[in-house]
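Raw contents of work_4.pdb, PDB, C-alpha atoms:
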```pdb
ATOM      1  CA  SER A   1      -1.699 -47.555 -48.188
ATOM      2  CA  LYS A   2      -3.444 -50.182 -46.123
ATOM      3  CA  GLU A   3      -6.765 -49.965 -48.010
ATOM      4  CA  LEU A   4      -5.034 -50.265 -51.404
ATOM      5  CA  PHE A   5      -3.150 -53.433 -50.428
ATOM      6  CA  GLN A   6      -6.195 -54.900 -48.649
ATOM      7  CA  GLY A   7      -8.300 -54.380 -51.789
ATOM      8  CA  LYS A   8      -5.596 -55.917 -54.007
ATOM      9  CA  LYS A   9      -5.297 -58.901 -51.629
ATOM     10  CA  ASN A  10      -9.090 -59.434 -51.728
ATOM     11  CA  ARG A  11      -9.077 -59.382 -55.537
ATOM     12  CA  VAL A  12      -6.139 -61.804 -55.805
ATOM     13  CA  GLU A  13      -7.802 -64.061 -53.195
ATOM     14  CA  GLN A  14     -10.986 -64.214 -55.298
ATOM     15  CA  LEU A  15      -8.914 -65.058 -58.374
ATOM     16  CA  TYR A  16      -6.908 -67.655 -56.401
ATOM     17  CA  LYS A  17     -10.108 -69.379 -55.242
ATOM     18  CA  LYS A  18     -11.164 -69.630 -58.897
ATOM     19  CA  ASP A  19      -7.693 -70.963 -59.842
ATOM     20  CA  LEU A  20      -7.032 -67.817 -61.899
ATOM     21  CA  ALA A  21      -4.112 -66.573 -59.733
ATOM     22  CA  SER A  22      -0.984 -68.434 -58.653
ATOM     23  CA  ALA A  23      -0.018 -69.199 -55.054
ATOM     24  CA  SER A  24       2.962 -66.834 -55.401
ATOM     25  CA  GLU A  25       0.631 -63.958 -56.383
ATOM     26  CA  MET A  26      -1.528 -64.745 -53.348
ATOM     27  CA  GLU A  27       1.535 -64.800 -51.058
ATOM     28  CA  GLU A  28       2.768 -61.519 -52.541
ATOM     29  CA  ALA A  29      -0.633 -59.874 -51.910
ATOM     30  CA  GLU A  30      -0.671 -61.146 -48.309
ATOM     31  CA  THR A  31       2.914 -59.958 -47.763
ATOM     32  CA  ASN A  32       2.151 -56.510 -49.201
ATOM     33  CA  ARG A  33      -0.875 -56.205 -46.906
ATOM     34  CA  ALA A  34       1.172 -57.292 -43.867
ATOM     35  CA  VAL A  35       3.929 -54.819 -44.769
ATOM     36  CA  SER A  36       1.390 -52.012 -45.121
ATOM     37  CA  ASP A  37      -0.009 -52.925 -41.662
ATOM     38  CA  MET A  38       3.488 -52.699 -40.181
ATOM     39  CA  GLN A  39       4.140 -49.376 -41.923
ATOM     40  CA  LEU A  40       0.877 -48.007 -40.514
ATOM     41  CA  GLN A  41       1.827 -49.110 -36.980
ATOM     42  CA  GLU A  42       5.285 -47.552 -37.413
ATOM     43  CA  ALA A  43       3.752 -44.276 -38.632
ATOM     44  CA  LEU A  44       1.340 -44.214 -35.670
ATOM     45  CA  GLU A  45       4.217 -44.868 -33.258
ATOM     46  CA  ASN A  46       6.317 -42.128 -34.899
ATOM     47  CA  LYS A  47       3.381 -39.725 -34.542
ATOM     48  CA  ARG A  48       3.005 -40.621 -30.848
ATOM     49  CA  LEU A  49       6.755 -40.120 -30.283
ATOM     50  CA  ALA A  50       6.660 -36.766 -32.091
ATOM     51  CA  GLU A  51       3.757 -35.621 -29.869
ATOM     52  CA  LEU A  52       5.694 -36.645 -26.742
ATOM     53  CA  GLU A  53       8.804 -34.844 -27.995
ATOM     54  CA  TYR A  54       6.740 -31.716 -28.669
ATOM     55  CA  LYS A  55       5.305 -31.804 -25.125
ATOM     56  CA  ARG A  56       8.827 -32.249 -23.710
ATOM     57  CA  ALA A  57      10.109 -29.276 -25.751
ATOM     58  CA  VAL A  58       7.197 -27.090 -24.545
ATOM     59  CA  GLU A  59       8.017 -28.013 -20.928
ATOM     60  CA  VAL A  60      11.702 -27.138 -21.454
ATOM     61  CA  VAL A  61      10.733 -23.736 -22.889
ATOM     62  CA  ASN A  62       8.300 -23.139 -19.996
ATOM     63  CA  ARG A  63      10.997 -24.080 -17.466
ATOM     64  CA  LEU A  64      13.457 -21.652 -19.046
ATOM     65  CA  THR A  65      10.939 -18.810 -19.412
ATOM     66  CA  ILE A  66      10.946 -16.128 -16.730
ATOM     67  CA  ARG A  67       7.619 -14.476 -15.996
ATOM     68  CA  SER A  68       6.984 -11.426 -13.870
ATOM     69  CA  PRO A  69       4.309 -11.606 -11.167
ATOM     70  CA  VAL A  70       3.230  -8.061 -12.122
ATOM     71  CA  ASP A  71       2.736  -6.085 -15.319
ATOM     72  CA  GLY A  72       5.245  -3.266 -15.544
ATOM     73  CA  VAL A  73       8.203  -1.750 -17.316
ATOM     74  CA  VAL A  74      11.873  -2.703 -17.041
ATOM     75  CA  VAL A  75      13.763  -0.077 -15.067
ATOM     76  CA  ASP A  76      17.135  -1.844 -14.822
ATOM     77  CA  ARG A  77      18.655  -5.041 -16.257
ATOM     78  CA  PHE A  78      21.141  -6.878 -14.016
ATOM     79  CA  LEU A  79      21.849  -9.892 -16.287
ATOM     80  CA  SER A  80      21.947 -10.373 -20.053
ATOM     81  CA  PRO A  81      20.390 -13.193 -22.072
ATOM     82  CA  GLY A  82      22.440 -16.379 -21.784
ATOM     83  CA  GLU A  83      23.983 -15.571 -18.386
ATOM     84  CA  TYR A  84      23.707 -18.170 -15.626
ATOM     85  CA  ILE A  85      21.153 -17.287 -12.938
ATOM     86  CA  LYS A  86      21.935 -17.961  -9.301
ATOM     87  CA  GLU A  87      20.057 -16.331  -6.440
ATOM     88  CA  GLN A  88      20.322 -12.748  -7.696
ATOM     89  CA  PRO A  89      17.795 -10.445  -9.333
ATOM     90  CA  ILE A  90      17.585 -10.382 -13.128
ATOM     91  CA  LEU A  91      15.567  -7.219 -13.737
ATOM     92  CA  LYS A  92      14.159  -4.325 -11.787
ATOM     93  CA  LEU A  93      10.537  -3.701 -12.750
ATOM     94  CA  ALA A  94       8.282  -0.771 -12.040
ATOM     95  CA  GLN A  95       4.554  -1.375 -11.835
ATOM     96  CA  ILE A  96       2.913   1.729 -13.257
ATOM     97  CA  ASP A  97      -0.734   0.713 -13.240
ATOM     98  CA  PRO A  98      -1.835   1.841 -10.761
ATOM     99  CA  LEU A  99       0.635   4.612 -10.068
ATOM    100  CA  ASN A 100       1.466   5.376  -6.446
ATOM    101  CA  VAL A 101       1.129   9.066  -5.686
ATOM    102  CA  GLU A 102       3.176   9.991  -2.603
ATOM    103  CA  VAL A 103       2.152  13.235  -0.896
ATOM    104  CA  ILE A 104       3.658  15.068   2.093
ATOM    105  CA  ILE A 105       0.973  17.023   3.950
ATOM    106  CA  PRO A 106       1.166  19.471   6.894
ATOM    107  CA  ALA A 107       0.253  17.824  10.218
ATOM    108  CA  GLU A 108      -2.763  20.118  10.719
ATOM    109  CA  HIS A 109      -4.634  18.095   8.036
ATOM    110  CA  LEU A 110      -4.030  14.673   9.652
ATOM    111  CA  LEU A 111      -7.640  14.190  10.790
ATOM    112  CA  SER A 112      -9.202  15.348   7.509
ATOM    113  CA  ILE A 113      -7.444  12.824   5.200
ATOM    114  CA  LYS A 114      -9.099   9.377   5.262
ATOM    115  CA  VAL A 115      -8.411   6.087   3.486
ATOM    116  CA  GLY A 116     -10.804   5.715   0.539
ATOM    117  CA  MET A 117     -11.297   9.429  -0.116
ATOM    118  CA  ARG A 118     -10.738  10.726  -3.632
ATOM    119  CA  ALA A 119      -8.373  13.495  -4.649
ATOM    120  CA  LYS A 120      -7.599  15.297  -7.898
ATOM    121  CA  VAL A 121      -4.060  14.736  -9.252
ATOM    122  CA  ILE A 122      -2.638  17.284 -11.699
ATOM    123  CA  PRO A 123       0.693  16.241 -13.270
ATOM    124  CA  GLU A 124       3.040  19.055 -14.212
ATOM    125  CA  ALA A 125       3.798  19.954 -17.831
ATOM    126  CA  PRO A 126       4.227  18.546 -20.381
ATOM    127  CA  VAL A 127       1.689  15.873 -19.329
ATOM    128  CA  GLY A 128      -0.929  18.010 -17.595
ATOM    129  CA  GLY A 129      -4.561  17.039 -17.269
ATOM    130  CA  GLU A 130      -6.580  16.066 -14.209
ATOM    131  CA  TYR A 131      -6.925  12.543 -12.839
ATOM    132  CA  VAL A 132      -8.757  11.039  -9.872
ATOM    133  CA  ALA A 133      -6.773   9.034  -7.323
ATOM    134  CA  VAL A 134      -7.905   7.212  -4.161
ATOM    135  CA  VAL A 135      -6.176   7.442  -0.754
ATOM    136  CA  ARG A 136      -4.810   4.005   0.200
ATOM    137  CA  ILE A 137      -2.449   4.787   3.107
ATOM    138  CA  VAL A 138      -2.377   7.587   5.658
ATOM    139  CA  ASP A 139       0.815   7.604   7.740
ATOM    140  CA  ARG A 140      -0.181   8.034  11.394
ATOM    141  CA  VAL A 141       3.336   9.076  12.412
ATOM    142  CA  ILE A 142       4.038  12.778  12.081
ATOM    143  CA  ASP A 143       7.596  13.843  11.282
ATOM    144  CA  ALA A 144       8.346  16.142  14.221
ATOM    145  CA  ALA A 145      11.161  18.007  12.436
ATOM    146  CA  SER A 146       9.035  19.066   9.457
ATOM    147  CA  GLY A 147       5.545  18.851  11.006
ATOM    148  CA  THR A 148       4.275  16.705   8.127
ATOM    149  CA  PHE A 149       2.913  13.218   7.445
ATOM    150  CA  GLY A 150       2.770  11.027   4.342
ATOM    151  CA  VAL A 151      -0.169   9.874   2.260
ATOM    152  CA  ARG A 152      -0.199   7.361  -0.577
ATOM    153  CA  LEU A 153      -2.856   7.442  -3.271
ATOM    154  CA  HIS A 154      -3.454   4.957  -6.087
ATOM    155  CA  LEU A 155      -3.979   6.469  -9.514
ATOM    156  CA  PRO A 156      -5.335   4.094 -12.191
ATOM    157  CA  ASN A 157      -3.094   4.191 -15.260
ATOM    158  CA  PRO A 158      -4.617   1.901 -17.910
ATOM    159  CA  GLY A 159      -2.446   1.586 -20.981
ATOM    160  CA  ASN A 160       0.417   3.210 -19.026
ATOM    161  CA  ARG A 161      -0.611   6.579 -20.443
ATOM    162  CA  LEU A 162       1.102   8.481 -17.607
ATOM    163  CA  PRO A 163       4.835   8.103 -17.013
ATOM    164  CA  ALA A 164       6.012   7.408 -13.470
ATOM    165  CA  GLY A 165       8.118   9.886 -11.516
ATOM    166  CA  LEU A 166       6.275  13.077 -12.440
ATOM    167  CA  LYS A 167       5.824  15.900  -9.969
ATOM    168  CA  CYS A 168       2.156  16.730  -9.462
ATOM    169  CA  ARG A 169      -0.242  18.791  -7.444
ATOM    170  CA  VAL A 170      -2.862  16.962  -5.397
ATOM    171  CA  ILE A 171      -6.113  18.644  -4.456
ATOM    172  CA  PHE A 172      -8.150  17.047  -1.673
ATOM    173  CA  PRO A 173     -11.835  17.868  -1.339
ATOM    174  CA  SER A 174     -12.650  20.580   1.175
ATOM    175  CA  LYS A 175     -14.957  19.761   4.082
TER
END
```

For this file, write the structure as structure tokens.
Amino acid sequence: SKELFQGKKNRVEQLYKKDLASASEMEEAETNRAVSDMQLQEALENKRLAELEYKRAVEVVNRLTIRSPVDGVVVDRFLSPGEYIKEQPILKLAQIDPLNVEVIIPAEHLLSIKVGMRAKVIPEAPVGGEYVAVVRIVDRVIDAASGTFGVRLHLPNPGNRLPAGLKCRVIFPSK
């Protein structure tokens, strides 16, 4: 280590000044100290290169990592790990928090359903229970053939406790 060789050089130098050490011992002490300085510089440079290599490796991993813009579950996988990606989808994801609750309602209720109102959602068995959802979209186009219109509600689903795709009953508040 640098301190060890520096201390040894200082001791030999004191002895040399008192004519108790030879010139060759003094040169050896100076050489050892110079070598230890070079080894320290080499170690510092190796450390700096290793840090740069680590940063480069992290960037490569980040560049090759695919992240979804939404939290969800994988519904379908179009490519397998290791396959080359072009301009095609890799996975089909379903966002299930919040859940979208799609309801078809008779046209006579068009004026009573408003964006922002709350409704009770009751999933069918085996899930069951009662949950509160909020109206987000009210379709203003009535289907003439069926005399109905669509409504979309958002149902919070923290922890994905409810599976998607369930049939449910929706109860809107009465006037």

Problem - Residues selected by the PyMOL selection byres ((chain A and resi 136-146) around 10), written as a list in words - result: Asn100, Val101, Glu102, Val103, Ile104, Ile105, Pro106, Ala107, Leu110, Leu111, Ile113, Lys114, Val115, Gly116, Met117, Arg118, Ala133, Val134, Val135, Gly147, Thr148, Phe149, Gly150, Val151, Arg152, Leu153 and His154 of chain A

Practice task
Grab the atom CA of Ile122 of chain A to atom CA of Phe172 of chain A distance for me, in Å with one decimal place.
Solution key: 11.4 Å

Exercise for the section: State, in Å with one decimal place, the distance from atom CA of Tyr54 of chain A to atom CA of Ile66 of chain A. Expected result: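 Computing the Euclidean distance for atom CA of Tyr54 of chain A and atom CA of Ile66 of chain A yields 20.1 Å.
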
Problem - Atom pair atom CA of Arg169 of chain A / atom CA of Val121 of chain A: separation (Å) - result: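 Result for atom CA of Arg169 of chain A versus atom CA of Val121 of chain A: 5.9 Å, one decimal.
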
Handout entry: Counting only C-alpha atoms, the residue of A:Ile171, A:Leu40, A:Val70, A:Leu162 that sits nearest Lys120 of chain A
Key =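 Looking only at the distances to Lys120 of chain A, the closest residue turns out to be A:Ile171.
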
Add whatever atoms are absent from segment 152-163 of chain A to reach all heavy atoms, and provide the output as a PDB file, keeping the file's coordinate frame.
```
ATOM      1  N   ARG A 152      -0.366   8.031   0.718  1.00  0.00           N
ATOM      2  CA  ARG A 152      -0.199   7.361  -0.577  1.00  0.00           C
ATOM      3  C   ARG A 152      -1.560   7.189  -1.217  1.00  0.00           C
ATOM      4  O   ARG A 152      -2.502   6.711  -0.594  1.00  0.00           O
ATOM      5  CB  ARG A 152       0.459   5.998  -0.431  1.00  0.00           C
ATOM      6  CG  ARG A 152       0.515   5.242  -1.785  1.00  0.00           C
ATOM      7  CD  ARG A 152       1.167   3.908  -1.685  1.00  0.00           C
ATOM      8  NE  ARG A 152       2.577   4.105  -1.408  1.00  0.00           N
ATOM      9  CZ  ARG A 152       3.397   3.124  -1.036  1.00  0.00           C
ATOM     10  NH1 ARG A 152       2.935   1.904  -0.870  1.00  0.00           N
ATOM     11  NH2 ARG A 152       4.659   3.377  -0.817  1.00  0.00           N
ATOM     12  N   LEU A 153      -1.642   7.602  -2.478  1.00  0.00           N
ATOM     13  CA  LEU A 153      -2.856   7.442  -3.271  1.00  0.00           C
ATOM     14  C   LEU A 153      -2.557   6.491  -4.420  1.00  0.00           C
ATOM     15  O   LEU A 153      -1.414   6.411  -4.889  1.00  0.00           O
ATOM     16  CB  LEU A 153      -3.309   8.787  -3.843  1.00  0.00           C
ATOM     17  CG  LEU A 153      -3.649   9.880  -2.840  1.00  0.00           C
ATOM     18  CD1 LEU A 153      -2.496  10.818  -2.666  1.00  0.00           C
ATOM     19  CD2 LEU A 153      -4.873  10.626  -3.288  1.00  0.00           C
ATOM     20  N   HIS A 154      -3.572   5.785  -4.891  1.00  0.00           N
ATOM     21  CA  HIS A 154      -3.454   4.957  -6.087  1.00  0.00           C
ATOM     22  C   HIS A 154      -4.166   5.670  -7.225  1.00  0.00           C
ATOM     23  O   HIS A 154      -5.328   6.057  -7.095  1.00  0.00           O
ATOM     24  CB  HIS A 154      -4.071   3.580  -5.874  1.00  0.00           C
ATOM     25  CG  HIS A 154      -3.189   2.663  -5.107  1.00  0.00           C
ATOM     26  ND1 HIS A 154      -3.399   1.318  -5.067  1.00  0.00           N
ATOM     27  CD2 HIS A 154      -2.086   2.889  -4.366  1.00  0.00           C
ATOM     28  CE1 HIS A 154      -2.472   0.752  -4.314  1.00  0.00           C
ATOM     29  NE2 HIS A 154      -1.673   1.688  -3.872  1.00  0.00           N
ATOM     30  N   LEU A 155      -3.438   5.808  -8.331  1.00  0.00           N
ATOM     31  CA  LEU A 155      -3.979   6.469  -9.514  1.00  0.00           C
ATOM     32  C   LEU A 155      -4.045   5.444 -10.645  1.00  0.00           C
ATOM     33  O   LEU A 155      -3.005   4.972 -11.124  1.00  0.00           O
ATOM     34  CB  LEU A 155      -3.078   7.643  -9.912  1.00  0.00           C
ATOM     35  CG  LEU A 155      -3.411   8.370 -11.204  1.00  0.00           C
ATOM     36  CD1 LEU A 155      -4.796   8.994 -11.130  1.00  0.00           C
ATOM     37  CD2 LEU A 155      -2.364   9.437 -11.488  1.00  0.00           C
ATOM     38  N   PRO A 156      -5.241   5.041 -11.074  1.00  0.00           N
ATOM     39  CA  PRO A 156      -5.335   4.094 -12.191  1.00  0.00           C
ATOM     40  C   PRO A 156      -4.611   4.649 -13.420  1.00  0.00           C
ATOM     41  O   PRO A 156      -4.703   5.838 -13.713  1.00  0.00           O
ATOM     42  CB  PRO A 156      -6.838   3.968 -12.451  1.00  0.00           C
ATOM     43  CG  PRO A 156      -7.485   4.412 -11.180  1.00  0.00           C
ATOM     44  CD  PRO A 156      -6.560   5.440 -10.582  1.00  0.00           C
ATOM     45  N   ASN A 157      -3.884   3.764 -14.102  1.00  0.00           N
ATOM     46  CA  ASN A 157      -3.094   4.191 -15.260  1.00  0.00           C
ATOM     47  C   ASN A 157      -3.222   3.166 -16.384  1.00  0.00           C
ATOM     48  O   ASN A 157      -2.227   2.599 -16.832  1.00  0.00           O
ATOM     49  CB  ASN A 157      -1.624   4.363 -14.836  1.00  0.00           C
ATOM     50  CG  ASN A 157      -0.800   5.071 -15.878  1.00  0.00           C
ATOM     51  OD1 ASN A 157      -1.316   5.776 -16.728  1.00  0.00           O
ATOM     52  ND2 ASN A 157       0.504   4.869 -15.819  1.00  0.00           N
ATOM     53  N   PRO A 158      -4.453   2.902 -16.856  1.00  0.00           N
ATOM     54  CA  PRO A 158      -4.617   1.901 -17.910  1.00  0.00           C
ATOM     55  C   PRO A 158      -3.869   2.308 -19.170  1.00  0.00           C
ATOM     56  O   PRO A 158      -3.860   3.470 -19.557  1.00  0.00           O
ATOM     57  CB  PRO A 158      -6.134   1.854 -18.140  1.00  0.00           C
ATOM     58  CG  PRO A 158      -6.658   3.137 -17.583  1.00  0.00           C
ATOM     59  CD  PRO A 158      -5.711   3.564 -16.508  1.00  0.00           C
ATOM     60  N   GLY A 159      -3.216   1.323 -19.763  1.00  0.00           N
ATOM     61  CA  GLY A 159      -2.446   1.586 -20.981  1.00  0.00           C
ATOM     62  C   GLY A 159      -1.161   2.346 -20.700  1.00  0.00           C
ATOM     63  O   GLY A 159      -0.486   2.776 -21.624  1.00  0.00           O
ATOM     64  N   ASN A 160      -0.816   2.512 -19.416  1.00  0.00           N
ATOM     65  CA  ASN A 160       0.417   3.210 -19.026  1.00  0.00           C
ATOM     66  C   ASN A 160       0.520   4.582 -19.693  1.00  0.00           C
ATOM     67  O   ASN A 160       1.586   4.993 -20.138  1.00  0.00           O
ATOM     68  CB  ASN A 160       1.653   2.358 -19.335  1.00  0.00           C
ATOM     69  CG  ASN A 160       1.600   1.018 -18.638  1.00  0.00           C
ATOM     70  OD1 ASN A 160       1.030   0.886 -17.563  1.00  0.00           O
ATOM     71  ND2 ASN A 160       2.187   0.010 -19.247  1.00  0.00           N
ATOM     72  N   ARG A 161      -0.591   5.283 -19.753  1.00  0.00           N
ATOM     73  CA  ARG A 161      -0.611   6.579 -20.443  1.00  0.00           C
ATOM     74  C   ARG A 161       0.196   7.640 -19.709  1.00  0.00           C
ATOM     75  O   ARG A 161       0.670   8.591 -20.321  1.00  0.00           O
ATOM     76  CB  ARG A 161      -2.045   7.037 -20.671  1.00  0.00           C
ATOM     77  CG  ARG A 161      -2.797   7.405 -19.417  1.00  0.00           C
ATOM     78  CD  ARG A 161      -4.251   7.781 -19.702  1.00  0.00           C
ATOM     79  NE  ARG A 161      -4.906   8.296 -18.528  1.00  0.00           N
ATOM     80  CZ  ARG A 161      -5.527   7.550 -17.627  1.00  0.00           C
ATOM     81  NH1 ARG A 161      -5.565   6.250 -17.786  1.00  0.00           N
ATOM     82  NH2 ARG A 161      -6.092   8.105 -16.573  1.00  0.00           N
ATOM     83  N   LEU A 162       0.324   7.514 -18.377  1.00  0.00           N
ATOM     84  CA  LEU A 162       1.102   8.481 -17.607  1.00  0.00           C
ATOM     85  C   LEU A 162       2.451   7.881 -17.245  1.00  0.00           C
ATOM     86  O   LEU A 162       2.513   6.752 -16.764  1.00  0.00           O
ATOM     87  CB  LEU A 162       0.372   8.859 -16.311  1.00  0.00           C
ATOM     88  CG  LEU A 162      -0.954   9.575 -16.463  1.00  0.00           C
ATOM     89  CD1 LEU A 162      -1.644   9.695 -15.109  1.00  0.00           C
ATOM     90  CD2 LEU A 162      -0.740  10.945 -17.074  1.00  0.00           C
ATOM     91  N   PRO A 163       3.533   8.620 -17.446  1.00  0.00           N
ATOM     92  CA  PRO A 163       4.835   8.103 -17.013  1.00  0.00           C
ATOM     93  C   PRO A 163       4.969   8.221 -15.495  1.00  0.00           C
ATOM     94  O   PRO A 163       4.350   9.082 -14.870  1.00  0.00           O
ATOM     95  CB  PRO A 163       5.837   9.014 -17.734  1.00  0.00           C
ATOM     96  CG  PRO A 163       5.088  10.275 -17.996  1.00  0.00           C
ATOM     97  CD  PRO A 163       3.647   9.897 -18.156  1.00  0.00           C
TER      98      PRO A 163
END
```
